[in-house]
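Structure below is coords-v2.tsv: TSV, C-alpha atoms.
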```
chain	number	residue	atom	x	y	z
M	124	MET	CA	-7.22	-15.22	-1.21
M	125	PRO	CA	-9.17	-16.12	1.88
M	126	LEU	CA	-12.86	-16.90	1.77
M	127	THR	CA	-13.71	-13.83	3.77
M	128	THR	CA	-11.74	-11.36	1.71
M	129	ILE	CA	-13.90	-8.28	1.29
M	130	PRO	CA	-15.34	-7.80	-2.22
M	131	PRO	CA	-13.45	-5.26	-4.35
M	132	LEU	CA	-13.00	-2.00	-2.47
M	133	SER	CA	-13.46	1.52	-3.77
M	134	ARG	CA	-9.71	2.02	-3.85
M	135	ARG	CA	-9.30	-1.18	-5.80
M	136	ALA	CA	-11.93	-0.05	-8.25
M	137	LEU	CA	-10.03	3.21	-8.68
M	138	LEU	CA	-6.75	1.43	-9.23
M	139	ARG	CA	-8.31	-0.94	-11.73
M	140	ALA	CA	-9.89	1.97	-13.55
M	141	LEU	CA	-6.48	3.54	-13.81
M	142	GLY	CA	-5.25	0.17	-15.01
M	143	SER	CA	-3.51	-0.54	-11.73
M	144	GLY	CA	-0.97	-1.72	-14.15
M	145	ALA	CA	-0.68	1.73	-15.62
M	146	ALA	CA	-0.29	3.59	-12.37
M	147	LEU	CA	1.62	1.01	-10.38
M	148	GLY	CA	2.80	-1.67	-12.76
M	149	GLY	CA	4.72	0.83	-14.82
M	150	LEU	CA	6.53	1.94	-11.70
M	151	ALA	CA	7.25	-1.66	-10.86
M	152	GLY	CA	9.53	-2.35	-13.70
M	153	CYS	CA	10.41	0.46	-16.01
M	154	GLY	CA	13.47	1.34	-14.00
M	155	VAL	CA	12.27	4.44	-12.14
M	156	PRO	CA	15.54	5.45	-10.42
M	157	ALA	CA	13.90	6.55	-7.16
M	158	ALA	CA	11.91	3.32	-6.86
M	159	TYR	CA	14.56	0.60	-7.11
M	160	VAL	CA	16.52	-0.11	-3.95
M	161	ARG	CA	19.98	-1.63	-4.25
M	162	PRO	CA	20.82	-4.69	-2.12
M	163	GLY	CA	23.18	-2.74	0.10
M	164	ASP	CA	20.47	-0.25	1.05
M	165	ARG	CA	17.75	-2.66	2.15
M	166	ALA	CA	18.73	-3.58	5.71
M	167	ALA	CA	18.37	-1.62	8.93
M	168	THR	CA	20.06	-2.37	12.22
M	169	ASP	CA	18.34	-5.54	13.44
M	170	LEU	CA	17.06	-5.13	17.00
M	171	SER	CA	15.83	-8.72	17.33
M	172	SER	CA	18.37	-9.84	19.92
M	173	THR	CA	17.30	-7.18	22.41
M	174	ASP	CA	13.80	-6.20	21.28
M	175	LYS	CA	11.64	-9.33	21.38
M	176	ARG	CA	8.78	-8.31	19.16
M	177	LEU	CA	7.67	-7.98	15.54
M	178	ASN	CA	4.85	-6.46	13.51
M	179	TRP	CA	3.03	-8.75	11.06
M	180	ALA	CA	0.49	-7.62	8.42
M	181	ASN	CA	-1.84	-10.30	7.05
M	182	TRP	CA	-5.26	-10.79	5.42
M	183	PRO	CA	-8.45	-11.07	7.52
M	184	LEU	CA	-9.22	-14.50	8.94
M	185	TYR	CA	-6.08	-16.07	7.50
M	186	ILE	CA	-4.83	-17.67	10.69
M	187	ASP	CA	-6.32	-20.17	13.14
M	188	THR	CA	-8.51	-18.85	15.93
M	189	ASP	CA	-10.10	-20.38	19.00
M	190	ASP	CA	-13.71	-21.43	18.31
M	191	GLU	CA	-14.89	-20.25	21.70
M	192	ARG	CA	-12.74	-17.11	21.84
M	193	PRO	CA	-12.21	-15.82	18.29
M	194	SER	CA	-9.78	-13.15	19.46
M	195	ARG	CA	-7.32	-15.89	20.41
M	196	ARG	CA	-4.89	-17.29	17.83
M	197	PRO	CA	-3.58	-20.60	19.19
M	198	THR	CA	-0.57	-21.17	16.95
M	199	LEU	CA	0.59	-17.57	17.22
M	200	GLU	CA	0.18	-17.53	20.99
M	201	ALA	CA	2.19	-20.76	21.19
M	202	PHE	CA	5.00	-19.09	19.24
M	203	GLU	CA	5.00	-16.16	21.65
M	204	ARG	CA	5.20	-18.50	24.65
M	205	ARG	CA	7.93	-20.62	23.08
M	206	THR	CA	10.17	-17.74	22.00
M	207	GLY	CA	9.29	-14.81	24.23
M	208	ILE	CA	8.70	-12.74	21.08
M	209	SER	CA	5.60	-10.57	21.15
M	210	VAL	CA	3.76	-10.36	17.83
M	211	GLU	CA	1.57	-7.44	16.83
M	212	TYR	CA	-0.69	-9.15	14.31
M	213	VAL	CA	-2.69	-6.76	12.12
M	214	GLU	CA	-5.37	-7.88	9.67
M	215	GLU	CA	-4.91	-4.93	7.36
M	216	ILE	CA	-4.59	-6.46	3.88
M	217	ASN	CA	-7.86	-6.65	1.96
M	218	ASP	CA	-6.48	-6.26	-1.55
M	219	ASN	CA	-3.02	-6.53	-3.10
M	220	ASP	CA	-3.20	-3.26	-5.03
M	221	GLU	CA	-4.62	-1.36	-2.08
M	222	PHE	CA	-1.84	-2.57	0.21
M	223	PHE	CA	0.77	-1.79	-2.43
M	224	GLY	CA	-0.52	1.76	-2.55
M	225	LYS	CA	-0.43	1.94	1.24
M	226	ILE	CA	3.21	1.02	1.78
M	227	SER	CA	4.89	1.87	-1.53
M	228	PRO	CA	5.54	5.55	-0.69
M	229	ALA	CA	7.74	4.52	2.24
M	230	LEU	CA	9.55	1.81	0.29
M	231	MET	CA	10.30	3.92	-2.78
M	232	ASN	CA	11.58	6.69	-0.52
M	233	HIS	CA	13.88	4.33	1.41
M	234	GLN	CA	11.85	4.57	4.60
M	235	SER	CA	10.60	1.92	7.01
M	236	THR	CA	7.04	0.66	6.58
M	237	GLY	CA	6.75	-0.11	10.29
M	238	ARG	CA	6.15	-3.75	9.41
M	239	ASP	CA	8.53	-6.67	9.83
M	240	LEU	CA	6.47	-9.22	7.90
M	241	VAL	CA	3.77	-9.01	5.23
M	242	VAL	CA	1.72	-11.56	3.27
M	243	ILE	CA	0.77	-10.79	-0.33
M	244	SER	CA	-0.02	-12.76	-3.47
M	245	ASP	CA	2.93	-13.98	-5.48
M	246	TRP	CA	2.05	-11.94	-8.57
M	247	MET	CA	2.38	-8.85	-6.38
M	248	SER	CA	5.38	-10.27	-4.55
M	249	ALA	CA	7.08	-10.35	-7.96
M	250	ARG	CA	6.71	-6.58	-8.14
M	251	PHE	CA	8.35	-6.12	-4.73
M	252	VAL	CA	11.20	-8.43	-5.63
M	253	ARG	CA	11.87	-6.63	-8.93
M	254	LEU	CA	11.92	-3.27	-7.15
M	255	GLY	CA	14.29	-4.51	-4.47
M	256	TRP	CA	11.79	-3.72	-1.72
M	257	VAL	CA	12.23	-6.93	0.31
M	258	GLN	CA	15.18	-8.47	2.07
M	259	GLU	CA	16.90	-11.77	1.39
M	260	MET	CA	16.13	-14.28	4.11
M	261	ASP	CA	18.77	-16.12	6.10
M	262	ARG	CA	17.99	-19.79	5.54
M	263	ALA	CA	20.45	-20.74	8.28
M	264	ARG	CA	17.74	-19.50	10.65
M	265	GLN	CA	15.05	-21.47	8.79
M	266	PRO	CA	15.83	-25.22	8.79
M	267	ASN	CA	12.15	-26.14	8.62
M	268	VAL	CA	11.63	-24.07	5.48
M	269	THR	CA	14.67	-25.68	3.89
M	270	ARG	CA	13.47	-29.17	4.75
M	271	TYR	CA	9.70	-29.01	4.39
M	272	LEU	CA	8.73	-26.40	1.76
M	273	ASP	CA	6.63	-28.00	-0.99
M	274	ARG	CA	8.95	-28.78	-3.89
M	275	GLN	CA	6.41	-27.54	-6.42
M	276	LEU	CA	6.52	-24.10	-4.80
M	277	ARG	CA	10.27	-23.81	-4.32
M	278	SER	CA	11.37	-21.86	-7.36
M	279	PRO	CA	8.85	-19.54	-9.03
M	280	ALA	CA	10.14	-17.55	-11.99
M	281	PHE	CA	10.08	-14.26	-10.08
M	282	ASP	CA	12.08	-15.60	-7.11
M	283	PRO	CA	14.25	-18.61	-8.04
M	284	GLY	CA	14.97	-20.65	-4.94
M	285	ARG	CA	12.59	-18.53	-2.85
M	286	THR	CA	15.38	-16.20	-1.74
M	287	TYR	CA	13.03	-13.36	-0.78
M	288	THR	CA	9.67	-15.06	-0.25
M	289	VAL	CA	8.21	-18.04	1.60
M	290	PRO	CA	4.65	-19.28	0.91
M	291	TRP	CA	2.21	-18.67	3.74
M	292	GLN	CA	-0.60	-20.63	2.09
M	293	SER	CA	-1.13	-21.91	-1.41
M	294	GLY	CA	-4.19	-22.60	-3.50
M	295	ILE	CA	-5.61	-23.56	-6.87
M	296	THR	CA	-7.60	-21.44	-9.29
M	297	GLY	CA	-10.02	-23.80	-10.99
M	298	ILE	CA	-13.74	-24.14	-11.67
M	299	ALA	CA	-16.53	-24.46	-9.11
M	300	TYR	CA	-20.00	-25.57	-10.08
M	301	ASN	CA	-23.22	-26.94	-8.62
M	302	ARG	CA	-23.55	-30.53	-9.83
M	303	ARG	CA	-27.21	-30.83	-8.86
M	304	ARG	CA	-28.21	-27.68	-10.71
M	305	THR	CA	-26.15	-28.34	-13.85
M	306	GLY	CA	-27.19	-31.99	-13.97
M	307	ARG	CA	-23.82	-32.93	-15.41
M	308	GLU	CA	-20.09	-32.76	-14.86
M	309	ILE	CA	-17.86	-29.90	-15.86
M	310	ARG	CA	-14.42	-31.11	-16.83
M	311	GLN	CA	-12.89	-28.50	-19.14
M	312	VAL	CA	-12.54	-24.74	-19.30
M	313	SER	CA	-14.52	-24.77	-22.56
M	314	ASP	CA	-17.49	-26.21	-20.64
M	315	LEU	CA	-18.02	-22.71	-19.22
M	316	TRP	CA	-19.16	-21.62	-22.68
M	317	ALA	CA	-21.91	-24.25	-22.99
M	318	SER	CA	-25.30	-22.87	-24.04
M	319	ASP	CA	-27.14	-24.25	-21.01
M	320	LEU	CA	-24.98	-22.06	-18.75
M	321	LYS	CA	-25.66	-18.84	-20.63
M	322	GLY	CA	-25.83	-15.88	-18.28
M	323	ARG	CA	-24.93	-17.99	-15.26
M	324	VAL	CA	-21.13	-18.02	-15.45
M	325	THR	CA	-18.71	-15.67	-13.68
M	326	LEU	CA	-15.02	-15.04	-14.19
M	327	LEU	CA	-12.61	-13.44	-11.75
M	328	SER	CA	-12.23	-9.72	-12.35
M	329	GLY	CA	-8.55	-9.37	-11.53
M	330	LEU	CA	-6.27	-9.86	-14.51
M	331	ASP	CA	-3.63	-11.67	-12.47
M	332	GLU	CA	-6.23	-13.99	-10.96
M	333	ALA	CA	-8.08	-14.82	-14.17
M	334	PHE	CA	-5.76	-15.19	-17.12
M	335	ALA	CA	-3.80	-18.35	-16.37
M	336	LEU	CA	-6.71	-20.79	-16.14
M	337	LEU	CA	-8.21	-19.42	-19.34
M	338	MET	CA	-4.90	-19.90	-21.13
M	339	GLN	CA	-4.66	-23.44	-19.85
M	340	GLY	CA	-8.02	-24.10	-21.44
M	341	ASN	CA	-6.27	-23.35	-24.76
M	342	GLY	CA	-3.48	-25.82	-24.01
M	343	VAL	CA	-0.94	-23.10	-23.18
M	344	ASP	CA	2.07	-23.80	-20.96
M	345	ILE	CA	1.48	-21.00	-18.44
M	346	THR	CA	5.06	-21.14	-17.20
M	347	ARG	CA	6.04	-19.43	-20.45
M	348	TRP	CA	2.98	-17.90	-22.06
M	349	THR	CA	3.25	-15.15	-24.68
M	350	ALA	CA	1.49	-11.93	-25.60
M	351	ASP	CA	-0.30	-13.79	-28.39
M	352	ASP	CA	-1.63	-16.27	-25.84
M	353	PHE	CA	-2.97	-13.38	-23.78
M	354	HIS	CA	-4.72	-11.66	-26.65
M	355	THR	CA	-6.25	-14.94	-27.81
M	356	VAL	CA	-7.85	-15.32	-24.38
M	357	CYS	CA	-9.11	-11.74	-24.48
M	358	ASP	CA	-10.68	-12.33	-27.90
M	359	GLN	CA	-12.45	-15.40	-26.52
M	360	VAL	CA	-13.72	-13.66	-23.40
M	361	GLU	CA	-14.91	-10.65	-25.39
M	362	LYS	CA	-16.94	-13.00	-27.57
M	363	GLN	CA	-18.55	-14.61	-24.52
M	364	VAL	CA	-19.36	-11.23	-23.01
M	365	LYS	CA	-21.08	-10.12	-26.20
M	366	ARG	CA	-23.20	-13.26	-26.41
M	367	GLY	CA	-24.31	-12.90	-22.79
M	368	GLN	CA	-22.56	-16.03	-21.52
M	369	ILE	CA	-20.84	-14.27	-18.64
M	370	ARG	CA	-23.09	-12.91	-15.90
M	371	ARG	CA	-20.38	-10.68	-14.46
M	372	PHE	CA	-16.77	-10.46	-13.34
M	373	THR	CA	-16.25	-10.84	-9.61
M	374	GLY	CA	-13.88	-10.70	-6.70
M	375	ASN	CA	-14.45	-13.25	-3.96
M	376	ASP	CA	-18.14	-12.36	-4.09
M	377	TYR	CA	-18.66	-15.19	-6.59
M	378	ILE	CA	-19.25	-17.16	-3.41
M	379	LYS	CA	-22.73	-15.74	-2.80
M	380	ASP	CA	-23.70	-16.11	-6.47
M	381	LEU	CA	-22.76	-19.79	-6.46
M	382	SER	CA	-24.45	-20.42	-3.12
M	383	SER	CA	-27.70	-18.75	-4.19
M	384	GLY	CA	-27.87	-20.52	-7.54
M	385	ASP	CA	-27.66	-17.30	-9.55
M	386	VAL	CA	-24.47	-18.76	-10.98
M	387	LEU	CA	-24.02	-22.38	-12.00
M	388	ALA	CA	-20.29	-22.38	-12.77
M	389	CYS	CA	-17.42	-19.98	-12.15
M	390	GLN	CA	-13.73	-19.45	-11.74
M	391	ALA	CA	-13.01	-20.13	-8.09
M	392	TYR	CA	-10.35	-20.68	-5.45
M	393	SER	CA	-9.95	-24.12	-3.91
M	394	GLY	CA	-10.01	-23.00	-0.28
M	395	ASP	CA	-13.28	-21.13	-0.73
M	396	VAL	CA	-14.97	-24.19	-2.17
M	397	ILE	CA	-13.94	-26.46	0.71
M	398	GLN	CA	-15.79	-24.15	3.05
M	399	LEU	CA	-18.79	-23.85	0.72
M	400	GLN	CA	-19.04	-27.64	0.52
M	401	ALA	CA	-19.62	-27.80	4.26
M	402	ASP	CA	-23.01	-26.15	3.67
M	403	ASP	CA	-23.76	-27.51	0.19
M	404	PRO	CA	-22.17	-30.84	-0.82
M	405	ASP	CA	-23.48	-30.38	-4.37
M	406	ILE	CA	-20.84	-27.73	-5.01
M	407	GLU	CA	-17.77	-29.24	-6.61
M	408	PHE	CA	-14.31	-27.93	-7.42
M	409	VAL	CA	-12.61	-29.03	-10.61
M	410	VAL	CA	-9.03	-28.97	-11.76
M	411	PRO	CA	-9.83	-29.01	-15.50
M	412	ASP	CA	-8.43	-31.69	-17.76
M	413	GLU	CA	-6.17	-29.07	-19.30
M	414	GLY	CA	-4.77	-28.08	-15.90
M	415	ALA	CA	-5.16	-25.32	-13.33
M	416	GLU	CA	-3.04	-22.63	-11.76
M	417	LEU	CA	-1.21	-23.27	-8.49
M	418	TRP	CA	-0.53	-20.02	-6.66
M	419	ALA	CA	0.73	-18.88	-3.30
M	420	GLU	CA	0.48	-15.93	-0.98
M	421	SER	CA	3.87	-15.39	0.53
M	422	LEU	CA	5.60	-14.01	3.57
M	423	MET	CA	8.16	-11.27	2.90
M	424	ILE	CA	10.36	-9.05	5.09
M	425	PRO	CA	10.19	-5.44	3.83
M	426	ASN	CA	13.23	-3.23	3.58
M	427	LEU	CA	14.40	-1.56	6.79
M	428	ALA	CA	12.43	-3.95	9.00
M	429	ARG	CA	13.87	-3.66	12.51
M	430	HIS	CA	13.13	-7.25	13.64
M	431	LYS	CA	14.32	-9.36	10.73
M	432	ALA	CA	15.67	-12.30	12.73
M	433	ASN	CA	12.46	-12.46	14.76
M	434	ALA	CA	10.45	-12.54	11.53
M	435	GLU	CA	12.62	-15.30	10.08
M	436	ARG	CA	12.13	-17.30	13.25
M	437	LEU	CA	8.35	-16.95	13.06
M	438	ILE	CA	8.32	-18.05	9.41
M	439	ASP	CA	10.31	-21.15	10.28
M	440	TYR	CA	8.00	-21.92	13.19
M	441	TYR	CA	5.04	-22.16	10.80
M	442	TYR	CA	6.99	-24.69	8.73
M	443	ASP	CA	7.10	-27.14	11.62
M	444	PRO	CA	4.72	-29.87	10.34
M	445	GLU	CA	2.80	-29.94	13.62
M	446	VAL	CA	2.13	-26.22	13.44
M	447	ALA	CA	1.44	-26.29	9.71
M	448	ALA	CA	-1.13	-29.04	10.26
M	449	GLU	CA	-2.96	-27.01	12.89
M	450	LEU	CA	-3.06	-24.01	10.56
M	451	ALA	CA	-4.14	-26.08	7.54
M	452	ALA	CA	-7.04	-27.58	9.48
M	453	TRP	CA	-8.38	-24.08	10.02
M	454	VAL	CA	-7.72	-22.21	6.75
M	455	ASN	CA	-8.33	-25.15	4.36
M	456	TYR	CA	-6.03	-23.93	1.59
M	457	VAL	CA	-3.27	-25.96	-0.06
M	458	CYS	CA	-0.73	-26.53	2.69
M	459	PRO	CA	2.82	-25.57	1.61
M	460	VAL	CA	4.16	-28.16	4.08
M	461	PRO	CA	3.28	-31.60	2.66
M	462	ALA	CA	4.67	-33.28	5.78
M	463	ALA	CA	1.70	-31.85	7.68
M	464	GLN	CA	-0.50	-34.42	5.94
M	465	ASP	CA	0.81	-37.25	8.11
M	466	VAL	CA	0.24	-35.16	11.22
M	467	LEU	CA	-3.41	-34.60	10.33
M	468	ALA	CA	-3.90	-38.22	9.29
M	469	SER	CA	-2.94	-39.32	12.80
M	470	ALA	CA	-5.30	-36.85	14.51
M	471	LYS	CA	-7.78	-38.35	16.96
M	472	ASP	CA	-10.46	-35.98	15.72
M	473	GLU	CA	-12.15	-37.62	12.72
M	474	GLU	CA	-12.90	-34.32	11.00
M	475	SER	CA	-9.26	-33.27	11.17
M	476	ALA	CA	-8.06	-36.67	10.02
M	477	ALA	CA	-10.37	-36.50	7.02
M	478	LEU	CA	-8.70	-33.29	5.87
M	479	ALA	CA	-5.50	-35.26	5.28
M	480	GLU	CA	-7.28	-37.04	2.41
M	481	ASN	CA	-8.60	-33.86	0.80
M	482	PRO	CA	-6.66	-33.24	-2.44
M	483	LEU	CA	-7.53	-29.54	-2.28
M	484	ILE	CA	-5.39	-29.28	0.85
M	485	PHE	CA	-2.83	-31.95	0.02
M	486	PRO	CA	-2.91	-32.47	-3.77
M	487	ASP	CA	-2.23	-36.05	-4.80
M	488	LYS	CA	0.25	-37.01	-7.51
M	489	GLN	CA	-2.39	-37.10	-10.22
M	490	MET	CA	-3.68	-33.64	-9.39
M	491	ARG	CA	-0.18	-32.20	-9.09
M	492	SER	CA	0.60	-33.35	-12.61
M	493	ARG	CA	-2.07	-30.89	-13.82
M	494	LEU	CA	-1.00	-27.92	-11.71
M	495	ALA	CA	1.41	-25.23	-12.85
M	496	ILE	CA	2.69	-21.90	-11.54
M	497	ALA	CA	2.14	-19.16	-14.09
M	498	ARG	CA	4.90	-16.77	-14.95
M	499	ASP	CA	3.86	-13.33	-13.77
M	500	ILE	CA	2.96	-10.41	-15.98
M	501	ASN	CA	6.12	-8.38	-16.30
M	502	SER	CA	6.32	-4.60	-16.14
M	503	ASP	CA	6.63	-4.14	-19.90
M	504	GLU	CA	3.38	-6.05	-20.43
M	505	ARG	CA	1.31	-4.76	-17.54
M	506	VAL	CA	0.09	-1.44	-18.89
M	507	GLU	CA	-1.06	-2.85	-22.23
M	508	PHE	CA	-2.54	-6.03	-20.81
M	509	GLY	CA	-4.18	-4.31	-17.86
M	510	LYS	CA	-5.87	-1.78	-20.11
M	511	ARG	CA	-7.31	-4.43	-22.42
M	512	TRP	CA	-8.49	-6.75	-19.64
M	513	ASN	CA	-10.06	-3.96	-17.60
M	514	GLN	CA	-12.07	-2.82	-20.61
M	515	ILE	CA	-13.44	-6.34	-21.06
M	516	ALA	CA	-14.19	-6.81	-17.36
M	517	GLY	CA	-15.72	-3.36	-17.01
M	518	LEU	CA	-13.24	-2.19	-14.41
```

If you convert what's in this file into structure tokens, what do you get?
Amino acid sequence: MPLTTIPPLSRRALLRALGSGAALGGLAGCGVPAAYVRPGDRAATDLSSTDKRLNWANWPLYIDTDDERPSRRPTLEAFERRTGISVEYVEEINDNDEFFGKISPALMNHQSTGRDLVVISDWMSARFVRLGWVQEMDRARQPNVTRYLDRQLRSPAFDPGRTYTVPWQSGITGIAYNRRRTGREIRQVSDLWASDLKGRVTLLSGLDEAFALLMQGNGVDITRWTADDFHTVCDQVEKQVKRGQIRRFTGNDYIKDLSSGDVLACQAYSGDVIQLQADDPDIEFVVPDEGAELWAESLMIPNLARHKANAERLIDYYYDPEVAAELAAWVNYVCPVPAAQDVLASAKDEESAALAENPLIFPDKQMRSRLAIARDINSDERVEFGKRWNQIAGL
């Protein structure tokens, strides 16, 4: 969920209007025979040993670049020099649903997507894993992943042991607010409903992005929430919409509302706020007292990828703490390689060294105790839940 992610696209709006759950979520889990791919049908002949290249699809501005030459990507170029593997890096993912719609026809028809590596949000990764559209990784080729992957991210409900996915970056969905403009602290989810914030609060529009934090505000354990928990949240949000508390539902465009002062408090992503704070130190990010959601966007190898071993090698390269530190210093999201903290702490550059002490990049023990990974919305729930949420959010 990078800072520069484009606000919701027309295709996304269409998918949401259809209840992206209804059109796509139903496919994702109701056992459509043509959609599910059995384990024995997922691999193609791997050309990695003779064809030193791979194709990688990622989000815009989600990798380090050279300040003077933005077209250069230092860590990726170092990988190419070290291994002799040429990487075609394509910034083609602007929205999870849109990308799903782009490559799902090939995957459900047992065809190659033309991509060896993709990065999507874990709630969408869950859909790919359930459908059998991604390949199991060979951890023998990934000693750094085995050693350094953040323990809190190692075993999400949709992929126990991270057999099919590896976090690219992680982050926290919490609350951002302008301390100078509010004149007080915000500490709890319920603070969003205070009368002095009426009309100047935004929530995230995407169901998968919004629901967990709101449930946590009710004291729910989001690792095993229920349908009743979901509908309770919807009842609460509907009430706040009717009383005019919520200005609107947003994608990443909450950023401009918060910066301009049109909004005083909002649901927000940790990495966005770090970058906003560089221009306005009055903006604060809060992990509420009741807790916040820890999420990841993960690397996956689609079925029939022709350069699987090359892709596994690249993934492991980014789990070298030195490389992970260089990437973390640029993207400013929660680093999935905690060992990178010591690397940054020893940096000669004061600005880089300071990042090692930022709990939004390297959460401390106290913060981690209030973070949880939400169980995803399963296929049986998605149509019903998507329809109700989209009506509330006006999607």

Do you know which residues are at most 10 Å from Phe251 of chain M counting only C-alpha atoms, after dropping those on the same chain fewer than 2 positions away, and could you put them as a PyMOL selection string? chain M and resi 151-152+159+223+227+230+243+245-249+253-258+281+287+423+425

Residue nearest Ile369 of chain M - candidates M:Met260, M:Ile496, M:Ala299, M:Ile515, atoms counted: all atoms listed in the file: M:Ile515

What does the distance between atom CA of Trp348 of chain M and atom CA of Pro279 of chain M come to in Å, to one decimal place?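 Atom-to-atom, atom CA of Trp348 of chain M to atom CA of Pro279 of chain M, that is 14.4 Å.
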
In Å, with one decimal, what is the gap from atom CA of Asn301 of chain M to atom CA of Gln398 of chain M?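 Between atom CA of Asn301 of chain M and atom CA of Gln398 of chain M the gap is 14.1 Å.
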
Which value, in Å to one decimal, gives the distance between atom CA of Thr349 of chain M and atom CA of Ser278 of chain M?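 Going from atom CA of Thr349 of chain M over to atom CA of Ser278 of chain M, I get 20.3 Å.
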
Counting all atoms listed in the file, which residue out of M:Asn513, M:Gln464, M:Gln390, M:Asn341 sits closest to Pro444 of chain M?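 Of the candidates, the smallest distance to Pro444 of chain M is held by M:Gln464.
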
From the set M:Asn433, M:Leu326, M:Glu332, M:Leu467, which residue has the shortest atom-to-atom contact distance to Ala447 of chain M, counting only C-alpha atoms? M:Leu467

Taking 6 positions as the minimum chain separation for residues in the same chain, which residues sit within 9 Å of Glu445 of chain M when counting all atoms listed in the file? Answer as a PyMOL selection string. chain M and resi 462-463+466-467

Using all atoms listed in the file - which residues lie no farther than 7 Å from the point (-18.3, -23.1, -7.3) in the file's frame? Write them as a PyMOL selection string. chain M and resi 298-301+381+388-389+391+396+406-408

Name all residues at most 6 Å from Gly394 of chain M (count only C-alpha atoms; drop same-chain ones fewer than 2 positions away) and give them as a list in words. Tyr392, Val396, Ile397, Asn455 and Tyr456 of chain M

Could you list, as a ChimeraX atom specification, every residue within 6 Å of Val241 of chain M, counting all atoms listed in the file and ignoring same-chain residues fewer than 6 positions away? /M:179-180,422-423

Please list as a ChimeraX atom specification every residue within 7 Å of Thr373 of chain M, counting only C-alpha atoms and excluding residues in the same chain fewer than 5 positions away. /M:325-328

Can I get the residues of segment 312-410 of chain M within 12 Å of segment 502-507 of chain M, each with the closest pair of atoms and their distance in Å to one decimal, using all atoms listed in the file, sorted chain first then ascending number, as CSV?
```
residue,atom,partner,partner_atom,distance
M:Leu330,CA,M:Arg505,CA,9.6
M:Asp331,CA,M:Arg505,CA,9.9
M:Trp348,CA,M:Glu504,CA,12.0
M:Thr349,CA,M:Glu504,CA,10.0
M:Ala350,CA,M:Glu504,CA,8.1
M:Asp351,CA,M:Glu504,CA,11.7
M:Phe353,CA,M:Glu504,CA,10.3
M:His354,CA,M:Glu507,CA,10.5
```

Which of M:Ala415, M:Ala167, M:Ala158, M:Ala479 sits closest to Asp344 of chain M [using only C-alpha atoms]: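 Nearest candidate to Asp344 of chain M out of M:Ala415, M:Ala167, M:Ala158, M:Ala479: M:Ala415.
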
Would you give the centre and edge lengths, in Å to one decimal, of a box along x, y and z around the listed atoms of segment 478-497 of chain M, with 8 Å added to each side, as JSON?
```
{"center_x": -3.0, "center_y": -28.1, "center_z": -4.1, "size_x": 27.4, "size_y": 33.9, "size_z": 36.0}
```
